[in-house]
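Text of the file input.txt, holding compact mmCIF, C-alpha atoms:
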# COMPACT_ATOMS: atom_id res chain seq x y z
CA MET Q 1 54.82 -29.23 116.90
CA ASP Q 2 56.19 -29.52 113.44
CA PRO Q 3 59.86 -28.40 113.53
CA ALA Q 4 59.74 -27.39 109.88
CA ALA Q 5 56.93 -25.01 110.66
CA VAL Q 6 58.89 -23.43 113.50
CA GLU Q 7 61.87 -22.92 111.22
CA GLY Q 8 59.67 -21.33 108.63
CA VAL Q 9 58.81 -18.51 111.00
CA GLN Q 10 62.12 -16.75 110.60
CA ALA Q 11 62.42 -17.48 106.90
CA ALA Q 12 59.00 -16.44 105.71
CA ARG Q 13 57.72 -13.86 108.12
CA PRO Q 14 54.40 -13.09 106.49
CA ALA Q 15 53.96 -9.53 105.41
CA VAL Q 16 50.88 -8.94 107.47
CA VAL Q 17 48.77 -6.29 105.89
CA LEU Q 18 46.93 -4.69 108.72
CA PRO Q 19 43.23 -4.58 108.21
CA ALA Q 20 41.22 -3.13 111.06
CA PHE Q 21 40.89 -5.85 113.64
CA GLU Q 22 37.84 -5.93 115.84
CA GLY Q 23 39.96 -7.31 118.68
CA PRO Q 24 42.62 -9.81 119.66
CA LEU Q 25 40.49 -12.81 118.66
CA ASP Q 26 39.96 -11.25 115.26
CA LEU Q 27 43.70 -10.78 114.83
CA LEU Q 28 44.42 -14.35 115.95
CA LEU Q 29 41.89 -15.75 113.49
CA HIS Q 30 43.51 -13.68 110.80
CA LEU Q 31 46.96 -15.07 111.65
CA VAL Q 32 45.72 -18.66 111.70
CA ARG Q 33 44.22 -18.09 108.29
CA GLU Q 34 47.31 -16.36 106.91
CA ASN Q 35 49.48 -19.26 108.01
CA LYS Q 36 47.09 -21.78 106.51
CA VAL Q 37 47.27 -23.98 109.57
CA SER Q 38 44.57 -26.04 111.20
CA ILE Q 39 42.83 -24.40 114.10
CA TRP Q 40 42.99 -27.76 115.88
CA ASP Q 41 46.77 -27.73 115.75
CA ILE Q 42 47.85 -24.12 116.06
CA PRO Q 43 51.63 -23.64 115.99
CA ILE Q 44 51.52 -21.48 119.09
CA ALA Q 45 55.16 -20.35 118.97
CA ARG Q 46 54.80 -19.06 115.44
CA ILE Q 47 51.39 -17.44 115.94
CA CYS Q 48 52.52 -15.94 119.24
CA ASP Q 49 55.58 -14.34 117.60
CA GLN Q 50 53.55 -13.00 114.74
CA TYR Q 51 50.92 -11.68 117.12
CA HIS Q 52 53.57 -9.75 119.01
CA ALA Q 53 55.06 -8.50 115.78
CA VAL Q 54 51.69 -7.15 114.68
CA LEU Q 55 51.16 -5.60 118.09
CA GLU Q 56 54.44 -3.74 117.80
CA ARG Q 57 53.32 -2.29 114.51
CA MET Q 58 49.98 -1.20 115.85
CA GLU Q 59 51.16 2.20 116.87
CA GLU Q 60 47.92 4.07 116.76
CA LEU Q 61 46.06 1.58 118.86
CA ASP Q 62 43.55 3.22 121.12
CA LEU Q 63 44.20 2.59 124.78
CA GLU Q 64 41.16 0.54 125.64
CA LEU Q 65 41.70 -1.80 122.74
CA ALA Q 66 45.45 -1.97 123.43
CA GLY Q 67 44.63 -3.37 126.86
CA GLU Q 68 42.58 -6.17 125.35
CA PHE Q 69 45.33 -6.98 122.87
CA LEU Q 70 47.97 -7.07 125.60
CA VAL Q 71 45.91 -9.38 127.81
CA THR Q 72 45.67 -11.83 124.94
CA ALA Q 73 49.38 -11.41 124.21
CA SER Q 74 50.27 -12.54 127.71
CA TRP Q 75 47.77 -15.37 127.48
CA LEU Q 76 49.50 -16.57 124.31
CA LEU Q 77 52.86 -16.42 126.05
CA ALA Q 78 51.47 -18.47 128.92
CA ILE Q 79 50.18 -21.14 126.51
CA LYS Q 80 53.50 -21.12 124.68
CA SER Q 81 55.49 -21.65 127.88
CA ARG Q 82 53.16 -24.41 129.04
CA LEU Q 83 53.66 -26.16 125.73
CA LEU Q 84 57.43 -25.99 126.17
CA LEU Q 85 57.33 -27.58 129.62
CA PRO Q 86 56.99 -31.34 129.83
CA ARG Q 87 53.45 -32.20 130.73
CA PRO Q 88 52.85 -34.15 133.91
CA GLU Q 89 52.16 -37.85 133.45
CA GLY Q 90 48.58 -38.73 132.78
CA GLU Q 91 47.54 -35.19 131.91
CA ASP Q 92 46.75 -34.85 128.28
CA ASP Q 93 44.96 -31.52 128.38
CA ASP Q 94 46.12 -29.45 125.46
CA PRO Q 95 47.02 -25.96 126.80
CA ARG Q 96 45.65 -24.61 123.55
CA ALA Q 97 42.18 -26.03 124.13
CA GLU Q 98 40.58 -22.88 125.52
CA LEU Q 99 42.14 -20.72 122.83
CA VAL Q 100 40.81 -23.01 120.13
CA GLU Q 101 37.38 -23.03 121.69
CA ARG Q 102 37.23 -19.26 121.88
CA LEU Q 103 38.51 -18.84 118.34
CA ILE Q 104 35.88 -21.22 117.02
CA GLU Q 105 33.14 -19.44 118.93
CA TYR Q 106 34.37 -16.10 117.70
CA GLU Q 107 34.51 -17.36 114.16
CA LYS Q 108 30.86 -18.36 114.43
CA VAL Q 109 30.08 -14.84 115.58
CA LYS Q 110 31.96 -13.42 112.62
CA ARG Q 111 30.14 -15.67 110.18
CA THR Q 112 26.79 -14.76 111.67
CA ALA Q 113 27.74 -11.11 111.50
CA ALA Q 114 28.59 -11.64 107.83
CA VAL Q 115 25.16 -13.16 107.26
CA LEU Q 116 23.51 -10.20 108.94
CA ALA Q 117 25.66 -7.83 106.89
CA GLY Q 118 24.52 -9.63 103.76
CA ILE Q 119 20.87 -9.32 104.73
CA GLU Q 120 21.37 -5.68 105.58
CA GLU Q 121 23.01 -5.04 102.24
CA VAL Q 122 20.05 -6.55 100.40
CA ARG Q 123 17.44 -4.85 102.55
CA ARG Q 124 19.02 -1.43 102.82
CA GLY Q 125 16.69 1.21 101.58
CA ILE Q 126 13.46 -0.66 102.08
CA GLU Q 127 11.09 1.84 103.62
CA ALA Q 128 7.80 1.17 105.32
CA VAL Q 129 4.81 2.59 103.51
CA SER Q 130 2.37 4.54 105.60
CA LEU Q 131 -0.29 6.73 104.06
CA GLU Q 132 -1.52 9.67 106.07
CA ALA Q 133 -4.58 8.30 107.78
CA PRO Q 134 -6.92 10.48 109.82
CA GLU Q 135 -5.97 10.72 113.46
CA ALA Q 136 -7.93 8.54 115.83
CA PRO Q 137 -10.34 10.73 117.79
CA SER Q 138 -8.90 11.32 121.24
CA GLU Q 139 -12.25 11.66 123.00
CA ARG Q 140 -14.65 8.83 123.46
CA GLU Q 141 -17.25 8.86 120.77
CA LEU Q 142 -20.76 9.15 122.17
CA ASP Q 143 -23.19 6.43 121.45
CA LEU Q 144 -26.75 7.77 121.61
CA ALA Q 145 -27.58 5.17 124.22
CA ASP Q 146 -24.80 6.65 126.31
CA VAL Q 147 -26.22 10.14 126.42
CA ASP Q 148 -27.32 10.76 129.97
CA ILE Q 149 -27.44 13.97 131.88
CA ILE Q 150 -23.81 13.63 133.00
CA ALA Q 151 -22.59 13.19 129.45
CA LEU Q 152 -24.64 16.21 128.43
CA GLY Q 153 -23.11 18.24 131.23
CA GLN Q 154 -19.65 17.12 130.24
CA ALA Q 155 -20.34 18.05 126.64
CA LEU Q 156 -21.48 21.50 127.70
CA ARG Q 157 -18.44 21.98 129.88
CA ALA Q 158 -16.16 20.91 127.04
CA LEU Q 159 -17.97 23.29 124.73
CA LEU Q 160 -17.67 26.23 127.11
CA GLU Q 161 -14.07 25.41 127.76
CA ARG Q 162 -13.37 25.36 124.04
CA HIS Q 163 -15.29 28.55 123.51
CA ARG Q 164 -13.28 30.25 126.24
CA ARG Q 165 -10.05 28.98 124.65
CA GLU Q 166 -11.02 30.12 121.20
CA HIS Q 167 -12.43 33.47 122.28
CA PRO Q 168 -10.00 35.05 124.70
CA PRO Q 169 -11.26 38.24 126.35
CA ALA Q 170 -10.97 41.13 123.93
CA MET Q 171 -8.36 43.81 124.53
CA GLU Q 172 -9.83 46.72 126.43
CA VAL Q 173 -9.52 50.09 124.76
CA PRO Q 174 -10.07 52.86 127.25
CA PRO Q 175 -11.88 55.95 126.02
CA MET Q 176 -9.78 58.82 124.83
CA ARG Q 177 -9.63 61.13 127.79
CA TYR Q 178 -7.00 63.50 126.57
CA SER Q 179 -7.00 65.37 123.33
CA VAL Q 180 -3.82 66.46 121.60
CA ARG Q 181 -5.53 69.65 120.51
CA GLU Q 182 -6.32 70.53 124.10
CA LYS Q 183 -2.77 69.78 125.27
CA ILE Q 184 -1.26 71.90 122.50
CA VAL Q 185 -3.15 74.90 123.74
CA GLU Q 186 -2.20 74.09 127.33
CA LEU Q 187 1.48 73.62 126.47
CA PHE Q 188 1.62 76.72 124.31
CA ASP Q 189 0.24 78.67 127.22
CA LEU Q 190 2.81 77.20 129.63
CA VAL Q 191 5.72 77.81 127.23
CA THR Q 192 4.77 81.37 126.49
CA ARG Q 193 4.48 82.15 130.17
CA GLN Q 194 7.63 80.38 131.36
CA ARG Q 195 9.94 80.97 128.36
CA SER Q 196 11.77 77.67 129.07
CA PHE Q 197 9.51 74.82 130.07
CA PRO Q 198 10.98 71.55 131.52
CA LEU Q 199 9.06 69.11 129.33
CA LEU Q 200 10.64 65.86 130.52
CA SER Q 201 9.95 66.51 134.21
CA HIS Q 202 6.43 67.45 133.28
CA LEU Q 203 5.94 64.23 131.31
CA LEU Q 204 7.42 62.09 134.06
CA THR Q 205 5.21 63.55 136.74
CA ARG Q 206 1.90 62.99 134.96
CA PRO Q 207 -0.17 60.52 136.96
CA GLU Q 208 -1.24 58.69 133.79
CA ARG Q 209 0.90 57.38 131.00
CA LEU Q 210 -1.75 58.25 128.46
CA GLU Q 211 -1.61 61.88 129.50
CA SER Q 212 2.21 61.92 129.18
CA VAL Q 213 1.96 60.51 125.71
CA THR Q 214 -0.61 63.06 124.71
CA PHE Q 215 1.63 65.82 126.07
CA LEU Q 216 4.60 64.52 124.12
CA VAL Q 217 2.63 64.41 120.89
CA ALA Q 218 1.35 67.92 121.60
CA ALA Q 219 4.93 69.14 122.19
CA LEU Q 220 6.06 67.63 118.91
CA GLU Q 221 3.13 69.29 117.13
CA LEU Q 222 4.09 72.66 118.67
CA VAL Q 223 7.61 72.28 117.31
CA ARG Q 224 6.28 71.24 113.90
CA LEU Q 225 4.01 74.30 113.82
CA GLY Q 226 7.04 76.47 114.61
CA SER Q 227 5.62 77.84 117.85
CA ALA Q 228 8.21 76.18 120.06
CA GLU Q 229 11.70 74.68 120.00
CA MET Q 230 13.05 71.69 121.84
CA HIS Q 231 16.52 71.40 123.32
CA GLN Q 232 18.21 68.54 125.09
CA ARG Q 233 21.88 68.69 126.04
CA GLN Q 234 22.45 64.98 126.17
CA ALA Q 235 20.50 61.75 126.10
CA PHE Q 236 18.07 61.41 129.03
CA ALA Q 237 18.74 64.96 130.18
CA GLU Q 238 15.95 67.46 130.67
CA ILE Q 239 14.10 68.50 127.51
CA HIS Q 240 13.56 72.24 127.40
CA LEU Q 241 10.68 73.61 125.42
CA THR Q 242 11.01 77.29 124.54
CA ALA Q 243 8.66 79.62 122.76
CA THR Q 244 9.76 80.99 119.40
CA GLY Q 245 7.35 83.90 119.42
CA THR Q 246 5.42 82.51 116.47
CA PRO Q 247 1.75 82.55 117.39
CA LEU Q 248 -0.10 79.30 117.51
CA ALA Q 249 -1.78 78.49 114.19
CA MET Q 250 -4.42 75.96 115.15
CA GLU Q 251 -5.87 75.85 111.64
CA ALA Q 252 -2.56 74.40 110.38
CA LEU Q 253 -2.84 71.61 112.88
CA GLY Q 254 -4.98 69.32 110.80
CA ASP Q 255 -6.82 66.38 112.20
CA VAL Q 256 -5.33 65.28 115.48
CA MET V 1 -16.16 -8.42 93.81
CA SER V 2 -15.61 -11.83 95.25
CA GLU V 3 -15.18 -12.24 98.96
CA THR V 4 -11.53 -13.26 98.58
CA LEU V 5 -10.73 -10.26 96.42
CA ARG V 6 -12.49 -7.96 98.85
CA LEU V 7 -10.44 -9.35 101.73
CA GLN V 8 -7.22 -8.95 99.76
CA ALA V 9 -8.01 -5.35 98.91
CA LEU V 10 -8.97 -4.58 102.49
CA CYS V 11 -5.79 -6.10 103.90
CA GLU V 12 -3.71 -4.13 101.45
CA ALA V 13 -5.49 -0.91 102.37
CA ILE V 14 -4.92 -1.46 106.07
CA LEU V 15 -1.25 -2.21 105.54
CA ALA V 16 -1.01 1.03 103.60
CA VAL V 17 -2.22 3.14 106.51
CA ALA V 18 -0.61 1.13 109.33
CA ARG V 19 2.41 2.66 110.96
CA GLU V 20 4.04 -0.60 111.90
CA PRO V 21 3.77 -4.27 110.96
CA VAL V 22 0.21 -5.55 111.47
CA VAL V 23 -0.54 -8.98 112.86
CA ALA V 24 -3.02 -11.11 110.94
CA GLU V 25 -5.23 -11.34 114.04
CA ALA V 26 -5.75 -7.57 114.04
CA LEU V 27 -6.74 -7.69 110.38
CA ALA V 28 -9.15 -10.57 110.93
CA GLU V 29 -10.81 -8.63 113.73
CA VAL V 30 -11.84 -5.77 111.47
CA ALA V 31 -12.35 -7.77 108.27
CA GLY V 32 -15.90 -8.68 109.16
CA GLU V 33 -17.92 -11.48 110.68
CA GLY V 34 -16.53 -14.93 110.27
CA VAL V 35 -13.25 -14.01 108.64
CA THR V 36 -10.57 -16.25 110.10
CA VAL V 37 -6.92 -15.52 110.71
CA ALA V 38 -6.04 -18.26 108.23
CA GLU V 39 -8.12 -16.55 105.54
CA VAL V 40 -6.39 -13.26 106.25
CA GLU V 41 -2.98 -14.91 106.05
CA ALA V 42 -3.95 -16.47 102.72
CA ALA V 43 -5.22 -13.13 101.43
CA LEU V 44 -2.01 -11.38 102.47
CA GLU V 45 0.05 -14.03 100.75
CA GLN V 46 -2.05 -13.47 97.61
CA VAL V 47 -1.47 -9.72 97.78
CA ARG V 48 2.23 -10.35 98.23
CA CYS V 49 2.32 -12.56 95.13
CA LYS V 50 0.29 -10.07 93.14
CA HIS V 51 2.73 -7.25 93.93
CA GLU V 52 5.62 -9.48 93.03
CA ALA V 53 4.09 -10.73 89.78
CA GLU V 54 3.24 -7.20 88.66
CA GLY V 55 6.69 -5.89 89.50
CA SER V 56 4.99 -3.29 91.66
CA GLY V 57 6.91 -0.51 93.37
CA LEU V 58 5.60 -1.78 96.66
CA VAL V 59 6.17 -5.10 98.35
CA VAL V 60 4.21 -6.86 101.05
CA GLU V 61 6.54 -8.42 103.54
CA ARG V 62 6.24 -10.43 106.68
CA VAL V 63 8.50 -8.90 109.31
CA GLY V 64 8.63 -8.49 113.06
CA GLY V 65 5.67 -10.74 113.74
CA GLY V 66 3.37 -8.91 111.34
CA TRP V 67 2.85 -7.80 107.78
CA ARG V 68 3.71 -4.49 106.23
CA LEU V 69 3.82 -2.67 102.96
CA ALA V 70 7.25 -1.38 101.99
CA THR V 71 9.19 0.09 99.12
CA ARG V 72 11.69 -1.89 97.12
CA ALA V 73 15.35 -1.86 98.05
CA GLU V 74 16.43 -0.95 94.54
CA HIS V 75 14.57 2.34 94.72
CA GLU V 76 16.60 3.53 97.69
CA GLY V 77 18.67 6.05 95.73
CA PRO V 78 15.90 7.96 93.94
CA LEU V 79 13.58 7.76 96.97
CA ARG V 80 16.16 9.22 99.32
CA GLN V 81 17.02 11.85 96.76
CA PHE V 82 13.36 12.75 96.38
CA LEU V 83 12.91 13.03 100.13
CA GLY V 84 16.19 14.91 100.49
CA LEU V 85 17.61 12.33 102.87
CA ARG V 86 21.14 11.07 103.17
CA SER V 87 21.62 7.36 102.79
CA ARG V 88 21.34 5.43 106.00
CA ALA V 89 24.48 4.56 107.91
CA ARG V 90 25.40 0.93 107.67
CA LEU V 91 26.05 -1.03 110.85
CA SER V 92 29.71 -1.33 111.78
CA GLN V 93 31.46 -4.69 111.92
CA ALA V 94 31.42 -4.43 115.71
CA GLY V 95 27.70 -3.67 115.66
CA LEU V 96 27.00 -6.67 113.47
CA GLU V 97 29.04 -8.95 115.72
CA VAL V 98 27.22 -7.85 118.86
CA LEU V 99 23.86 -8.18 117.11
CA ALA V 100 24.82 -11.66 115.94
CA ILE V 101 25.75 -12.70 119.46
CA VAL V 102 22.61 -11.28 121.06
CA ALA V 103 20.34 -12.60 118.31
CA TYR V 104 21.45 -16.18 118.83
CA ARG V 105 22.11 -16.22 122.55
CA GLN V 106 19.59 -13.84 124.04
CA PRO V 107 19.10 -12.87 126.72
CA ILE V 108 22.79 -12.28 127.27
CA THR V 109 24.91 -10.00 129.44
CA LEU V 110 27.66 -7.59 128.46
CA PRO V 111 30.47 -9.63 130.10
CA GLU V 112 29.37 -12.66 128.11
CA ILE V 113 29.39 -10.63 124.90
CA ASN V 114 32.80 -9.19 125.75
CA PHE V 115 34.15 -12.68 126.37
CA LEU V 116 32.93 -13.95 123.02
CA ARG V 117 34.32 -11.01 121.09
CA GLY V 118 37.49 -10.59 123.16
CA VAL V 119 36.87 -6.85 123.34
CA SER V 120 34.68 -4.52 125.35
CA SER V 121 31.38 -3.93 123.61
CA ALA V 122 29.74 -1.41 125.95
CA ALA V 123 29.81 1.48 123.49
CA VAL V 124 28.53 -0.73 120.68
CA ILE V 125 25.60 -1.86 122.84
CA ARG V 126 24.70 1.75 123.57
CA THR V 127 24.68 2.55 119.87
CA LEU V 128 22.51 -0.47 119.11
CA ILE V 129 20.07 0.49 121.86
CA ASP V 130 19.94 4.02 120.44
CA ARG V 131 19.11 2.52 117.07
CA LYS V 132 16.38 0.49 118.79
CA LEU V 133 17.89 -2.79 117.62
CA LEU V 134 18.64 -3.97 121.16
CA ALA V 135 16.74 -3.59 124.40
CA VAL V 136 17.34 -4.40 128.04
CA ALA V 137 15.64 -7.61 129.15
CA GLY V 138 16.05 -7.48 132.91
CA ARG V 139 19.01 -8.51 135.00
CA LYS V 140 20.81 -11.79 135.30
CA GLN V 141 20.62 -13.19 138.84
CA VAL V 142 24.36 -13.66 139.28
CA VAL V 143 26.98 -11.66 141.15
CA GLY V 144 26.67 -8.01 140.16
CA THR V 145 23.26 -8.65 138.53
CA PRO V 146 24.39 -7.49 135.09
CA LEU V 147 21.80 -6.28 132.59
CA LEU V 148 20.53 -8.75 130.05
CA TYR V 149 20.08 -7.71 126.45
CA ARG V 150 17.73 -8.94 123.78
CA THR V 151 16.94 -8.00 120.20
CA THR V 152 13.88 -5.87 119.46
CA ARG V 153 11.05 -6.03 116.99
CA GLU V 154 12.85 -3.27 115.13
CA PHE V 155 15.74 -5.72 114.72
CA LEU V 156 13.41 -8.22 113.06
CA VAL V 157 11.99 -5.53 110.79
CA HIS V 158 15.46 -4.25 109.92
CA PHE V 159 16.60 -7.69 108.85
CA GLY V 160 13.30 -8.69 107.28
CA LEU V 161 12.64 -11.54 109.69
CA PRO V 162 9.11 -12.62 110.61
CA ASP V 163 10.37 -13.85 114.00
CA LEU V 164 13.50 -14.98 115.81
CA ALA V 165 12.97 -18.57 114.72
CA SER V 166 13.54 -17.43 111.14
CA LEU V 167 17.14 -16.44 111.83
CA PRO V 168 19.37 -18.58 109.63
CA SER V 169 20.47 -21.55 111.71
CA LEU V 170 24.10 -21.77 112.75
CA GLU V 171 24.47 -24.74 110.42
CA GLU V 172 23.29 -22.60 107.54
CA VAL V 173 25.66 -19.88 108.65
CA GLU V 174 28.50 -22.41 108.42
CA HIS V 175 28.00 -22.62 104.68
CA VAL V 176 28.32 -18.92 104.12
CA ALA V 177 31.11 -18.17 101.69
CA GLY V 178 34.31 -17.05 103.37
CA GLU V 179 37.54 -18.69 104.31
CA GLY V 180 36.81 -20.49 107.50
CA VAL V 181 39.48 -21.83 109.77
CA SER V 182 37.45 -24.37 111.65
CA GLY V 183 36.34 -26.31 108.62
CA THR V 184 39.32 -28.65 108.71

Please express what this file holds, its structure, as structure tokens.
Amino acid sequence: MDPAAVEGVQAARPAVVLPAFEGPLDLLLHLVRENKVSIWDIPIARICDQYHAVLERMEELDLELAGEFLVTASWLLAIKSRLLLPRPEGEDDDPRAELVERLIEYEKVKRTAAVLAGIEEVRRGIEAVSLEAPEAPSERELDLADVDIIALGQALRALLERHRREHPPAMEVPPMRYSVREKIVELFDLVTRQRSFPLLSHLLTRPERLESVTFLVAALELVRLGSAEMHQRQAFAEIHLTATGTPLAMEALGDV
Amino acid sequence: MSETLRLQALCEAILAVAREPVVAEALAEVAGEGVTVAEVEAALEQVRCKHEAEGSGLVVERVGGGWRLATRAEHEGPLRQFLGLRSRARLSQAGLEVLAIVAYRQPITLPEINFLRGVSSAAVIRTLIDRKLLAVAGRKQVVGTPLLYRTTREFLVHFGLPDLASLPSLEEVEHVAGEGVSGT
């Protein structure tokens, strides 16, 4: 290692501006570049110190990434210590070899990524053109030669099925069995005879809902005509219908 | 209309209604008796040149193993504005790195990608799969049988590549501007 370079570490500690590093390899590449040294002869001691210095300043490092950075930090220390020890005779493996290899590989990745980024930049915003074309028919189209009795039957079944789908059974409207007019007379009679008629109980005990409804409408009509009054002490309590003494004026009833 | 012009017009029309890149073989099949794939390719190339020469708003491009009709990149702003869309998110640096690794070394496993990048790339892979740029390509028959990943046709379309062989070679990549460290 060049002693001058080692000395330079303390003197000119580079003011590392911290861009976002993708990972430890990214940071190492950055340091190698900053120091303007050859990747084939990395001054490990210097780079290792700077790496640790950067790591210390990376306060808001997320945990997962921090782990990766620390693993590499210890790896660097291991390489550094191996470089300091005298190498056994006959072994001329550079302890930095694997680091160099990985840095070079990673640099290739970065360059390729840059190429892709360039392509993406140019091609951003290109949209495929696709006119609205008619949908492909989902059923097999019948060739006349294909029409046999089975196909005919299938066609009929499909037709009936579609007809059934498109024409659901109509809603049934039962005939009007109760007339409001009739119920008014009936109610008026009941009210006049009983003075206070329990309307709610009466409604609830009708066997048919339709009849209850008709009764309710009739009761409301009676009140409107002034022949009866309705009282309820609280919600859902019994509704009392009482006669007012006003005779029933059916001609004022109108069309019900 | 001459036979060549008819074929050109037909190819253009089909590209206009196709929902994804169309291979020349599929065009030749519907172009009529005796029309060869080579003739279709030539016609498509002619249509492409015509669009280019006229400065048309549409371009014919060869991507993802087929041909397609597309808008021009420079119209992105107004087009997106017209459609009421936000501009598309660019790929992150991490995403580009993973794509670069997979594109050149596929099929490749996550541990191999992690090793090359020096960081875990699991989340990035998920994002790229969500964006349909990467797909699973089986499992590697080694301990743990990790999943193998490959790039998709969508990847080719996204980067305007006819096929994987058209990726810039690593030698070409070497010459990309940027301060390299391994050049010395």

Shortest interatomic distance to chain Q - which of V:Val30, V:Leu58, V:Val124, V:Val40, counting all atoms listed in the file:
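Smallest separation from chain Q among the options: V:Leu58.
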
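What separates atom CA of Q:Lys110 from atom CA of Q:Ala20 is a distance of 13.9 Å.
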
Distance in Å - atom CA of Q:Met58 versus atom CA of Q:Phe21
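For atom CA of Q:Met58 relative to atom CA of Q:Phe21, the distance reads 10.4 Å.
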
List every residue of chain V that has an atom at most 6 Å from any atom of chain Q, giving for each one its closest atom pair and the distance in Å to one decimal, counting all atoms listed in the file, sorted by chain and then by ascending residue number, as JSON lines.
{"residue": "V:Ala16", "atom": "CA", "partner": "Q:Ser130", "partner_atom": "CA", "distance": 5.3}
{"residue": "V:Val17", "atom": "CA", "partner": "Q:Leu131", "partner_atom": "CA", "distance": 4.8}
{"residue": "V:Ala18", "atom": "CA", "partner": "Q:Ser130", "partner_atom": "CA", "distance": 5.9}
{"residue": "V:Arg19", "atom": "CA", "partner": "Q:Ser130", "partner_atom": "CA", "distance": 5.7}
{"residue": "V:Leu69", "atom": "CA", "partner": "Q:Val129", "partner_atom": "CA", "distance": 5.4}
{"residue": "V:Ala70", "atom": "CA", "partner": "Q:Ala128", "partner_atom": "CA", "distance": 4.2}
{"residue": "V:Thr71", "atom": "CA", "partner": "Q:Glu127", "partner_atom": "CA", "distance": 5.2}
{"residue": "V:Arg72", "atom": "CA", "partner": "Q:Ile126", "partner_atom": "CA", "distance": 5.4}
{"residue": "V:Ala73", "atom": "CA", "partner": "Q:Ile126", "partner_atom": "CA", "distance": 4.6}
{"residue": "V:Glu76", "atom": "CA", "partner": "Q:Gly125", "partner_atom": "CA", "distance": 4.5}
{"residue": "V:Leu96", "atom": "CA", "partner": "Q:Ala113", "partner_atom": "CA", "distance": 4.9}
{"residue": "V:Glu97", "atom": "CA", "partner": "Q:Ala113", "partner_atom": "CA", "distance": 4.9}
{"residue": "V:Ala100", "atom": "CA", "partner": "Q:Ala113", "partner_atom": "CA", "distance": 5.3}
{"residue": "V:Leu116", "atom": "CA", "partner": "Q:Tyr106", "partner_atom": "CA", "distance": 5.9}
{"residue": "V:Gly118", "atom": "CA", "partner": "Q:Leu25", "partner_atom": "CA", "distance": 5.8}
{"residue": "V:Val119", "atom": "CA", "partner": "Q:Gly23", "partner_atom": "CA", "distance": 5.6}
{"residue": "V:Ser182", "atom": "CA", "partner": "Q:Ile39", "partner_atom": "CA", "distance": 5.9}

Report, in Å with one decimal, the straight-line distance from atom CA of Q:Arg96 to atom CA of Q:Ile42.
7.8 Å

List every protein, DNA or RNA residue that has at least one atom no more than 10 Å from (-6.3, 72.4, 119.7) in the file's coordinates, counting all atoms listed in the file, and write the result as a PDB file with C-alpha atoms, keeping the file's coordinate frame.
ATOM      1  CA  SER Q 179      -7.000  65.370 123.330  1.00  0.00           C
ATOM      2  CA  VAL Q 180      -3.820  66.460 121.600  1.00  0.00           C
ATOM      3  CA  ARG Q 181      -5.530  69.650 120.510  1.00  0.00           C
ATOM      4  CA  GLU Q 182      -6.320  70.530 124.100  1.00  0.00           C
ATOM      5  CA  LYS Q 183      -2.770  69.780 125.270  1.00  0.00           C
ATOM      6  CA  ILE Q 184      -1.260  71.900 122.500  1.00  0.00           C
ATOM      7  CA  VAL Q 185      -3.150  74.900 123.740  1.00  0.00           C
ATOM      8  CA  GLU Q 186      -2.200  74.090 127.330  1.00  0.00           C
ATOM      9  CA  ALA Q 218       1.350  67.920 121.600  1.00  0.00           C
ATOM     10  CA  LEU Q 248      -0.100  79.300 117.510  1.00  0.00           C
ATOM     11  CA  ALA Q 249      -1.780  78.490 114.190  1.00  0.00           C
ATOM     12  CA  MET Q 250      -4.420  75.960 115.150  1.00  0.00           C
ATOM     13  CA  GLU Q 251      -5.870  75.850 111.640  1.00  0.00           C
ATOM     14  CA  LEU Q 253      -2.840  71.610 112.880  1.00  0.00           C
ATOM     15  CA  GLY Q 254      -4.980  69.320 110.800  1.00  0.00           C
ATOM     16  CA  ASP Q 255      -6.820  66.380 112.200  1.00  0.00           C
ATOM     17  CA  VAL Q 256      -5.330  65.280 115.480  1.00  0.00           C
TER      18      VAL Q 256
END

Do a neighbour search on Q:Thr244 at 9 Å with all atoms listed in the file, toss out local chain neighbours closer than 5 positions, and write the hits as a tab-separated table (two decimals) with C-alpha atoms, keeping the file's coordinate frame.
chain	number	residue	atom	x	y	z
Q	192	THR	CA	4.77	81.37	126.49
Q	195	ARG	CA	9.94	80.97	128.36
Q	226	GLY	CA	7.04	76.47	114.61
Q	227	SER	CA	5.62	77.84	117.85
Q	228	ALA	CA	8.21	76.18	120.06
Q	229	GLU	CA	11.70	74.68	120.00

Applying 8 Å and only C-alpha atoms, which residues near V:Arg62 remain after dropping the ones on its own chain fewer than 6 positions away? List them as a list in words.
Pro21, Arg68, Gly160, Leu161 and Pro162 of chain V

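With all atoms listed in the file as the atoms that count, the minimum distance from V:Arg117 to the choices V:Ala38, V:Ile129, V:Val102, V:Ile14 is reached by V:Val102.
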
Taking all listed atoms of stretch 212-226 of chain Q, build the axis-aligned box, pad each of the six sides by 6 Å, then write its centre and edge lengths in Å to one decimal as lines of an AutoDock Vina configuration file.
center_x = 3.5
center_y = 68.5
center_z = 121.5
size_x = 20.2
size_y = 28.0
size_z = 27.4

Using all atoms listed in the file for the distances, tell me which of Q:Ala243, Q:Leu99, Q:Leu84, Q:Ile79 is nearest to Q:Leu28.
Q:Leu99

Find the residues around V:Val23 up to 9 Å (all atoms listed in the file counted), leave out those fewer than 5 positions away in its own chain, and share them as an NGL selection string.
:V and (28 or 65-67)

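Among the candidates Q:Leu210, Q:Leu200, Q:Ala78, Q:Leu216, the one nearest to Q:Gln232 when counting all atoms listed in the file is Q:Leu200.
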
Near-stretch 131-142 of chain V list (7 Å; all atoms listed in the file; drop same-chain fewer than 2 positions) as number ranges by chain
V: 107, 127-129, 144-152, 154-155

What's the 6 Å shell around Q:Leu199, counting all atoms listed in the file, without same-chain residues fewer than 2 positions away, as a PyMOL selection string?
chain Q and resi 197+201-202+239-240
